[in-house]
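Novice: This is the content of query_12.csv (CSV, C-alpha atoms):
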chain,number,residue,atom,x,y,z
C,1310,MET,CA,-24.3,-14.1,-1.4
C,1311,SER,CA,-23.0,-13.4,2.1
C,1312,ALA,CA,-19.9,-11.4,2.8
C,1313,GLU,CA,-18.0,-14.6,3.6
C,1314,GLU,CA,-19.1,-16.2,0.3
C,1315,ARG,CA,-18.2,-13.3,-2.0
C,1316,PRO,CA,-15.2,-13.6,-4.4
C,1317,SER,CA,-11.9,-12.0,-3.6
C,1318,ALA,CA,-12.0,-8.3,-4.2
C,1319,VAL,CA,-10.1,-5.0,-4.6
C,1320,VAL,CA,-11.7,-2.6,-2.0
C,1321,VAL,CA,-11.3,1.1,-2.8
C,1322,GLY,CA,-12.4,4.2,-0.9
C,1323,VAL,CA,-13.7,7.2,-2.8
C,1324,ASP,CA,-14.5,10.7,-1.6
C,1325,GLY,CA,-14.3,12.9,-4.6
C,1326,THR,CA,-10.7,14.0,-4.1
C,1327,PRO,CA,-8.0,13.8,-6.8
C,1328,ALA,CA,-6.1,11.2,-4.7
C,1329,ALA,CA,-9.2,9.1,-4.4
C,1330,HIS,CA,-9.7,9.3,-8.1
C,1331,ALA,CA,-6.1,8.0,-8.6
C,1332,ALA,CA,-6.8,5.2,-6.2
C,1333,LEU,CA,-10.0,4.3,-8.1
C,1334,GLU,CA,-8.0,4.1,-11.4
C,1335,TRP,CA,-5.3,1.9,-9.7
C,1336,ALA,CA,-7.9,-0.3,-8.1
C,1337,ALA,CA,-9.8,-0.8,-11.4
C,1338,GLU,CA,-6.6,-1.9,-13.1
C,1339,ALA,CA,-5.7,-4.2,-10.2
C,1340,ALA,CA,-9.2,-5.8,-10.3
C,1341,ALA,CA,-9.0,-6.3,-14.0
C,1342,ARG,CA,-5.6,-8.0,-13.8
C,1343,ARG,CA,-6.7,-10.3,-11.0
C,1344,ALA,CA,-10.2,-11.0,-12.4
C,1345,ALA,CA,-11.4,-9.8,-9.0
C,1346,GLN,CA,-14.5,-8.0,-7.9
C,1347,LEU,CA,-14.1,-4.2,-7.4
C,1348,ARG,CA,-15.9,-2.9,-4.3
C,1349,ILE,CA,-16.2,0.9,-4.3
C,1350,VAL,CA,-16.8,2.2,-0.9
C,1351,HIS,CA,-17.8,5.6,0.5
C,1352,GLY,CA,-18.0,6.3,4.2
C,1353,MET,CA,-20.5,8.9,5.5
C,1354,GLY,CA,-19.2,9.1,9.0
C,1355,GLU,CA,-22.8,9.6,10.0
C,1356,PRO,CA,-23.9,8.5,13.5
C,1357,SER,CA,-27.2,6.5,13.3
C,1358,VAL,CA,-28.6,8.4,16.2
C,1359,VAL,CA,-28.5,11.7,14.2
C,1360,VAL,CA,-30.4,10.0,11.3
C,1361,ALA,CA,-33.0,8.5,13.5
C,1362,HIS,CA,-33.6,11.1,16.2
C,1363,GLY,CA,-32.1,14.4,14.9
C,1364,SER,CA,-34.0,17.5,14.1
C,1365,PRO,CA,-35.8,17.8,10.8
C,1366,GLU,CA,-33.1,20.1,9.5
C,1367,ARG,CA,-30.4,17.7,10.4
C,1368,ARG,CA,-32.3,14.8,8.9
C,1369,ALA,CA,-32.8,16.8,5.7
C,1370,ALA,CA,-29.0,17.6,5.6
C,1371,ALA,CA,-28.2,13.9,6.2
C,1372,GLU,CA,-30.5,12.9,3.3
C,1373,GLU,CA,-28.9,15.4,1.0
C,1374,ALA,CA,-25.4,14.1,2.0
C,1375,ARG,CA,-26.6,10.5,1.2
C,1376,ARG,CA,-27.9,11.6,-2.2
C,1377,TYR,CA,-24.5,13.2,-2.9
C,1378,ALA,CA,-22.7,10.1,-1.7
C,1379,ARG,CA,-24.8,7.8,-3.9
C,1380,GLY,CA,-24.1,10.0,-6.8
C,1381,LEU,CA,-20.4,9.8,-6.0
C,1382,LEU,CA,-20.5,6.0,-6.0
C,1383,GLU,CA,-22.6,5.8,-9.2
C,1384,ASP,CA,-20.2,8.1,-11.0
C,1385,ALA,CA,-17.2,6.1,-9.9
C,1386,ALA,CA,-18.9,2.8,-10.9
C,1387,ASP,CA,-19.8,4.3,-14.3
C,1388,LEU,CA,-16.2,5.4,-14.9
C,1389,VAL,CA,-14.9,1.9,-14.1
C,1390,ARG,CA,-17.5,0.2,-16.3
C,1391,GLY,CA,-16.5,2.5,-19.2
C,1392,THR,CA,-12.8,1.8,-18.9
C,1393,HIS,CA,-12.9,-1.8,-17.6
C,1394,PRO,CA,-16.2,-3.3,-18.8
C,1395,GLY,CA,-15.3,-6.8,-17.7
C,1396,VAL,CA,-14.8,-5.9,-14.1
C,1397,ASP,CA,-17.6,-6.9,-11.6
C,1398,VAL,CA,-18.3,-3.6,-9.8
C,1399,VAL,CA,-20.1,-3.3,-6.5
C,1400,THR,CA,-20.8,0.0,-4.6
C,1401,VAL,CA,-21.1,0.2,-0.9
C,1402,LEU,CA,-22.4,3.2,1.1
C,1403,SER,CA,-21.4,3.0,4.7
C,1404,ALA,CA,-22.4,5.0,7.8
C,1405,GLU,CA,-18.8,4.7,9.1
C,1406,ASP,CA,-16.1,7.1,8.4
C,1407,GLY,CA,-13.8,6.7,5.4
C,1408,PRO,CA,-11.1,4.5,6.8
C,1409,GLY,CA,-13.5,2.5,8.9
C,1410,SER,CA,-15.8,1.8,6.0
C,1411,VAL,CA,-13.0,0.6,3.8
C,1412,MET,CA,-11.5,-1.7,6.5
C,1413,GLY,CA,-14.9,-3.1,7.3
C,1414,GLU,CA,-15.4,-4.2,3.7
C,1415,ALA,CA,-12.1,-6.0,3.4
C,1416,ARG,CA,-11.5,-9.7,3.8
C,1417,HIS,CA,-8.5,-12.0,3.8
C,1418,GLY,CA,-7.4,-12.4,0.1
C,1419,ASP,CA,-8.5,-8.9,-0.8
C,1420,VAL,CA,-6.5,-5.7,-1.5
C,1421,ILE,CA,-7.4,-2.4,0.0
C,1422,VAL,CA,-6.7,0.7,-2.0
C,1423,VAL,CA,-6.9,4.3,-0.7
C,1424,GLY,CA,-5.8,7.7,-1.9
C,1425,SER,CA,-2.9,9.0,0.2
C,1426,ARG,CA,-4.3,12.5,0.2
C,1427,GLY,CA,-7.9,11.5,0.3
C,1428,LEU,CA,-10.0,10.0,3.1
C,1429,GLY,CA,-7.5,11.3,5.6
C,1430,ALA,CA,-5.9,8.0,4.8
C,1431,VAL,CA,-2.3,8.4,6.0
C,1432,ARG,CA,-3.2,10.2,9.2
C,1433,ALA,CA,-6.3,8.1,10.1
C,1434,ILE,CA,-4.9,4.7,9.2
C,1435,LEU,CA,-1.3,5.2,10.4
C,1436,HIS,CA,-2.3,6.6,13.8
C,1437,GLY,CA,-5.7,5.0,14.1
C,1438,SER,CA,-9.3,6.3,14.0
C,1439,VAL,CA,-11.1,4.7,17.0
C,1440,SER,CA,-10.2,1.0,16.4
C,1441,VAL,CA,-9.3,1.4,12.7
C,1442,ARG,CA,-5.6,0.7,12.1
C,1443,ALA,CA,-3.9,-0.6,9.1
C,1444,THR,CA,-2.0,-3.0,11.3
C,1445,GLU,CA,-5.4,-4.7,11.8
C,1446,ALA,CA,-6.2,-4.9,8.1
C,1447,PRO,CA,-6.8,-8.4,6.9
C,1448,CYS,CA,-5.0,-7.8,3.6
C,1449,PRO,CA,-2.5,-5.6,1.9
C,1450,VAL,CA,-3.2,-1.9,1.9
C,1451,VAL,CA,-2.1,0.2,-1.1
C,1452,PHE,CA,-1.7,4.0,-0.7
C,1453,VAL,CA,-2.0,5.8,-4.1
C,1454,PRO,CA,-0.9,9.5,-4.4
C,1455,ALA,CA,-2.8,11.9,-6.6
C,1456,HIS,CA,-1.3,12.4,-10.0
C,1457,GLU,CA,1.3,15.2,-10.0
C,1458,ASP,CA,0.1,16.2,-13.5
C,1459,GLU,CA,-3.6,15.1,-13.7
C,1460,PRO,CA,-4.0,13.3,-17.0
C,1461,THR,CA,-6.7,14.2,-19.4
C,1462,PRO,CA,-9.5,11.7,-20.1
C,1463,ALA,CA,-7.9,10.9,-23.4
C,1464,GLU,CA,-4.6,10.1,-21.8
C,1465,GLY,CA,-5.9,8.0,-19.0
C,1466,PRO,CA,-3.8,7.1,-15.9
C,1467,PRO,CA,0.0,7.3,-16.1
C,1468,LYS,CA,1.6,4.5,-18.1
C,1469,PRO,CA,3.2,1.7,-16.1
C,1470,ARG,CA,7.0,1.7,-15.9
C,1471,GLY,CA,7.4,-2.1,-15.4
C,1472,ARG,CA,9.2,-2.0,-12.0
C,1473,ILE,CA,8.3,-3.0,-8.5
C,1474,VAL,CA,10.6,-2.1,-5.6
C,1475,VAL,CA,10.4,-4.2,-2.4
C,1476,GLY,CA,12.2,-3.3,0.9
C,1477,VAL,CA,13.5,-6.4,2.8
C,1478,ASP,CA,15.3,-6.7,6.1
C,1479,GLY,CA,15.2,-10.5,6.8
C,1480,SER,CA,12.0,-10.3,8.9
C,1481,ASP,CA,8.8,-12.2,8.4
C,1482,SER,CA,7.1,-8.9,7.4
C,1483,SER,CA,9.6,-8.4,4.6
C,1484,ARG,CA,9.0,-11.9,3.4
C,1485,ARG,CA,5.3,-11.0,3.2
C,1486,ALA,CA,6.2,-7.9,1.3
C,1487,LEU,CA,8.4,-9.8,-1.2
C,1488,ARG,CA,5.7,-12.4,-1.8
C,1489,PHE,CA,3.2,-9.7,-2.6
C,1490,GLY,CA,5.7,-7.9,-4.8
C,1491,LEU,CA,6.4,-11.1,-6.7
C,1492,GLN,CA,2.6,-11.8,-7.1
C,1493,GLU,CA,2.2,-8.3,-8.5
C,1494,ALA,CA,5.0,-8.9,-10.9
C,1495,LEU,CA,3.4,-12.1,-12.1
C,1496,VAL,CA,0.1,-10.3,-13.1
C,1497,THR,CA,1.7,-7.2,-14.4
C,1498,GLY,CA,4.9,-8.5,-16.1
C,1499,ALA,CA,7.0,-6.0,-14.1
C,1500,SER,CA,10.6,-6.6,-12.9
C,1501,VAL,CA,11.3,-6.7,-9.2
C,1502,GLN,CA,14.1,-4.9,-7.4
C,1503,VAL,CA,14.8,-6.0,-3.8
C,1504,VAL,CA,16.3,-3.2,-1.7
C,1505,ASN,CA,18.2,-3.7,1.6
C,1506,SER,CA,20.0,-0.8,3.3
C,1507,TRP,CA,21.7,-0.2,6.6
C,1508,GLU,CA,23.3,2.5,8.6
C,1509,VAL,CA,26.5,1.5,10.4
C,1510,PRO,CA,26.5,2.7,14.1
C,1511,LEU,CA,29.7,4.7,14.6
C,1512,PRO,CA,31.0,6.8,17.5
C,1513,ALA,CA,29.9,10.4,17.6
C,1514,ASP,CA,33.6,11.3,17.1
C,1515,THR,CA,34.5,9.2,14.0
C,1516,THR,CA,38.1,10.4,14.2
C,1517,ALA,CA,38.4,8.2,17.3
C,1518,LEU,CA,37.9,5.2,15.1
C,1519,GLU,CA,40.8,4.2,12.9
C,1520,ALA,CA,40.2,3.9,9.2
C,1521,ASP,CA,40.9,0.2,9.1
C,1522,ALA,CA,38.6,-0.5,12.0
C,1523,ARG,CA,35.8,1.6,10.4
C,1524,GLU,CA,36.2,-0.3,7.1
C,1525,ALA,CA,36.1,-3.7,8.9
C,1526,HIS,CA,33.0,-2.6,10.7
C,1527,GLU,CA,31.3,-1.6,7.5
C,1528,GLU,CA,32.3,-4.9,5.9
C,1529,VAL,CA,30.5,-6.8,8.6
C,1530,PHE,CA,27.3,-5.0,7.9
C,1531,ASP,CA,27.8,-5.5,4.1
C,1532,ARG,CA,28.2,-9.2,4.5
C,1533,GLN,CA,25.1,-9.3,6.8
C,1534,SER,CA,23.1,-7.5,4.1
C,1535,GLU,CA,24.3,-9.9,1.5
C,1536,GLU,CA,23.2,-12.8,3.6
C,1537,ILE,CA,19.8,-11.2,4.4
C,1538,VAL,CA,19.0,-10.6,0.7
C,1539,ALA,CA,20.1,-14.1,-0.4
C,1540,GLY,CA,18.2,-15.7,2.5
C,1541,VAL,CA,14.9,-13.9,1.8
C,1542,LEU,CA,15.1,-14.6,-1.9
C,1543,ALA,CA,15.8,-18.3,-1.3
C,1544,GLU,CA,12.9,-18.7,1.0
C,1545,VAL,CA,10.3,-16.7,-1.0
C,1546,ILE,CA,11.0,-17.5,-4.6
C,1547,ASP,CA,9.1,-20.6,-5.9
C,1548,ASP,CA,8.5,-22.4,-9.1
C,1549,ARG,CA,6.0,-19.8,-10.3
C,1550,THR,CA,8.2,-16.8,-9.6
C,1551,GLU,CA,11.8,-18.1,-10.3
C,1552,LYS,CA,11.7,-16.9,-13.9
C,1553,LEU,CA,10.8,-13.3,-13.0
C,1554,ASP,CA,13.3,-10.5,-13.6
C,1555,ILE,CA,14.6,-10.0,-10.1
C,1556,SER,CA,17.5,-7.9,-9.1
C,1557,ALA,CA,18.9,-6.7,-5.7
C,1558,VAL,CA,20.3,-3.4,-4.5
C,1559,ARG,CA,22.3,-3.2,-1.2
C,1560,MET,CA,23.5,0.1,0.1
C,1561,GLN,CA,24.8,1.8,3.2
C,1562,ALA,CA,22.3,4.6,3.4
C,1563,ASP,CA,19.2,5.9,5.2
C,1564,PRO,CA,16.5,3.3,4.7
C,1565,VAL,CA,13.8,5.9,3.7
C,1566,GLU,CA,16.1,7.6,1.3
C,1567,SER,CA,17.2,4.3,-0.3
C,1568,LEU,CA,13.7,3.1,-0.8
C,1569,LEU,CA,12.5,6.5,-2.2
C,1570,GLU,CA,15.5,6.6,-4.6
C,1571,ALA,CA,15.0,3.1,-5.8
C,1572,GLY,CA,11.3,3.6,-6.2
C,1573,ARG,CA,11.4,7.0,-7.8
C,1574,ASP,CA,10.5,5.6,-11.3
C,1575,ALA,CA,8.7,2.4,-10.1
C,1576,ASP,CA,5.1,1.4,-10.4
C,1577,LEU,CA,4.9,0.3,-6.7
C,1578,ILE,CA,7.0,0.3,-3.5
C,1579,VAL,CA,6.2,-2.6,-1.2
C,1580,VAL,CA,7.1,-2.8,2.5
C,1581,GLY,CA,6.2,-5.0,5.4
C,1582,SER,CA,4.4,-3.9,8.6
C,1583,ARG,CA,6.6,-5.3,11.4
C,1584,GLY,CA,10.2,-5.5,10.3
C,1585,ARG,CA,13.5,-4.8,12.0
C,1586,GLY,CA,16.6,-3.0,11.0
C,1587,GLY,CA,16.3,-1.3,7.6
C,1588,VAL,CA,12.6,-1.6,7.3
C,1589,SER,CA,11.3,-1.4,10.9
C,1590,GLY,CA,7.7,-1.6,12.1
C,1591,LEU,CA,5.8,-0.3,9.1
C,1592,LEU,CA,2.7,1.5,10.1
C,1593,LEU,CA,3.9,3.3,13.2
C,1594,GLY,CA,7.6,3.3,12.4
C,1595,SER,CA,9.6,6.2,11.1
C,1596,VAL,CA,10.8,4.4,8.0
C,1597,SER,CA,7.3,3.5,6.7
C,1598,GLN,CA,5.9,6.9,7.6
C,1599,GLY,CA,8.8,8.6,5.7
C,1600,VAL,CA,8.2,6.4,2.6
C,1601,LEU,CA,4.4,7.0,2.7
C,1602,ARG,CA,4.9,10.7,3.2
C,1603,HIS,CA,7.3,11.3,0.4
C,1604,ALA,CA,6.8,8.6,-2.2
C,1605,PRO,CA,5.5,9.9,-5.5
C,1606,VAL,CA,4.3,6.4,-6.5
C,1607,PRO,CA,1.8,3.9,-4.9
C,1608,VAL,CA,3.1,2.2,-1.7
C,1609,ALA,CA,1.8,-1.2,-0.6
C,1610,VAL,CA,2.0,-2.2,3.0
C,1611,LEU,CA,1.7,-5.7,4.3
C,1612,PRO,CA,0.0,-5.9,7.8
C,1613,PRO,CA,0.8,-8.8,10.1
C,1614,HIS,CA,-2.4,-10.7,9.2
C,1615,SER,CA,-2.4,-10.1,5.5
C,1616,GLU,CA,-1.5,-13.7,4.6
C,1617,ASP,CA,-4.0,-15.3,7.0
C,1618,THR,CA,-6.6,-17.6,5.4
Now that the file is in, can you turn its structure into structure tokens?

Specialist:
Amino acid sequence: MSAEERPSAVVVGVDGTPAAHAALEWAAEAAARRAAQLRIVHGMGEPSVVVAHGSPERRAAAEEARRYARGLLEDAADLVRGTHPGVDVVTVLSAEDGPGSVMGEARHGDVIVVGSRGLGAVRAILHGSVSVRATEAPCPVVFVPAHEDEPTPAEGPPKPRGRIVVGVDGSDSSRRALRFGLQEALVTGASVQVVNSWEVPLPADTTALEADAREAHEEVFDRQSEEIVAGVLAEVIDDRTEKLDISAVRMQADPVESLLEAGRDADLIVVGSRGRGGVSGLLLGSVSQGVLRHAPVPVAVLPPHSEDT
């Protein structure tokens, strides 16, 4: 079967770190829920010229590294087959670096999963490694943090809490985020909480602004927020998702803080990649980086081309 003909997949990067292990657990659950293939990827970051023309010592070291990598992939596959025997598992050993290997395996319709403290994920994917950027990913990218308290094998991964939080700001990217959040809710049975926040621009000397004027100014932004949330929900909700448990939170607060607060006890925070206002330009924007840096739960980001077919 060619790459173009393969079924939709959850593509996860592994490198032996606790965060990558948490990502593998999340990816296995996601693949099982979707009845999708699970593609477990490890990137060697090994230039082909070293393998072909390096010294005997370097070639021996490269072969030892490949043996270790193959063992890493086999152990990951065995773990998933033991916990999710119905999942179709494929392992991929790549000469590219970690982020590059994961991005190279992904197709439209897939979901990429990486550990946020493994694979150099946040640094390499947010800022780019050669041409590898999450903004170029063809599908949603989910960053999974390592478990704060690593569960024992008997306990398994943390139990789901049944909540998905989605940041919206009226942009196309936030509509993508909401569609993804609703799709996740359909397969997980979770509720969805839509979050819109804003900061009112005020003079440096707030005493120069009369109380009535300040209050009227804030009311304008509050009405705008109400219209944004209502408009996005009306455009995105369809016959399949209209019966989901959906709520909305609107607040005058820092966007990063509001999303982190709302998502503190959620299963997933979802944000778009090129927004404006409350959730601005995801992957290189301060809001998205703040959420990714501090969120204790998985964060899904929706790149611009994630809904292409």

Novice: Determine, counting all atoms listed in the file, which protein, DNA and RNA residues have an atom within 9 Å of an atom of Glu1445 (chain C); residues of the same chain fewer than 5 positions away are not included. Present the result as an MDAnalysis selection string.

Specialist: chainID C and resid 1412 1440 1612:1615

Novice: Applying 9 Å and all atoms listed in the file, which residues near Ala1331 (chain C) remain after dropping the ones on its own chain fewer than 3 positions away? List them as a list of chain:residue names.

Specialist: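 Skipping anything fewer than 3 positions along the chain leaves C:Thr1326, C:Pro1327, C:Ala1328, C:Glu1334, C:Trp1335, C:Ala1336, C:Val1423, C:Gly1424, C:Val1453, C:Pro1454, C:Ala1455, C:His1456, C:Pro1466.
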
Novice: Ranking C:Arg1343, C:Asp1576, C:Glu1566, C:Pro1394 by minimum distance to His1603 (chain C) and counting only C-alpha atoms, which one comes first?

Specialist: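 Of C:Arg1343, C:Asp1576, C:Glu1566, C:Pro1394, the one nearest His1603 (chain C), counting only C-alpha atoms, is C:Glu1566.
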
Novice: Given the choices C:Ala1345, C:Ala1415, C:Ile1473, C:Val1579, which gets closest to Ala1446 (chain C) if the distance is worked out from all atoms listed in the file?

Specialist: C:Ala1415

Novice: Given the point (19.0, -6.8, -11.2) in the coordinates of this file, which residues lie within 9 Å, counting all atoms listed in the file, and how would they look as a PDB file with C-alpha atoms, in the coordinates of the input?

Specialist:
ATOM      1  CA  SER C1500      10.600  -6.600 -12.900  1.00  0.00           C
ATOM      2  CA  VAL C1501      11.300  -6.700  -9.200  1.00  0.00           C
ATOM      3  CA  GLN C1502      14.100  -4.900  -7.400  1.00  0.00           C
ATOM      4  CA  VAL C1503      14.800  -6.000  -3.800  1.00  0.00           C
ATOM      5  CA  ASP C1554      13.300 -10.500 -13.600  1.00  0.00           C
ATOM      6  CA  ILE C1555      14.600 -10.000 -10.100  1.00  0.00           C
ATOM      7  CA  SER C1556      17.500  -7.900  -9.100  1.00  0.00           C
ATOM      8  CA  ALA C1557      18.900  -6.700  -5.700  1.00  0.00           C
ATOM      9  CA  VAL C1558      20.300  -3.400  -4.500  1.00  0.00           C
TER      10      VAL C1558
END

Novice: From the set C:Ala1386, C:Val1541, C:Met1560, C:Val1396, which residue has the shortest atom-to-atom contact distance to Glu1338 (chain C), counting all atoms listed in the file?

Specialist: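 So, comparing all the options, the nearest one is C:Val1396.
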
Novice: Using only C-alpha atoms, pick whichever of C:Leu1487, C:Val1580, C:Val1450, C:Ala1341 has the shortest atom-to-atom distance to Thr1392 (chain C).

Specialist: C:Ala1341

Novice: Neighbours of Gly1498 (chain C) within 10 Å (all atoms listed in the file; same-chain residues fewer than 3 positions away dropped), as a ChimeraX atom specification?

Specialist: /C:1471-1473,1491-1495,1501,1553-1554

Novice: Report, in Å to a single decimal, how far apart CA of Ser1410 (chain C) and CA of Arg1368 (chain C) are.

Specialist: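 About the pair CA of Arg1368 (chain C) and CA of Ser1410 (chain C): they are 21.2 Å apart.
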
Novice: Can you work out the spacing between CA of Val1350 (chain C) and CA of Ala1604 (chain C) in Å, to one decimal?

Specialist: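 Computing it gives 24.5 Å between the two atoms.
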
Novice: What does the distance between CA of Val1565 (chain C) and CA of Arg1484 (chain C) come to in Å, to one decimal place?

Specialist: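 So the two atoms, CA of Val1565 (chain C) and CA of Arg1484 (chain C), lie 18.4 Å apart.
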
Novice: Which residue gives the smallest distance to Pro1607 (chain C) among C:Glu1366, C:Asp1419, C:Asp1574, C:Asp1397, with all atoms listed in the file counted?

Specialist: C:Asp1574
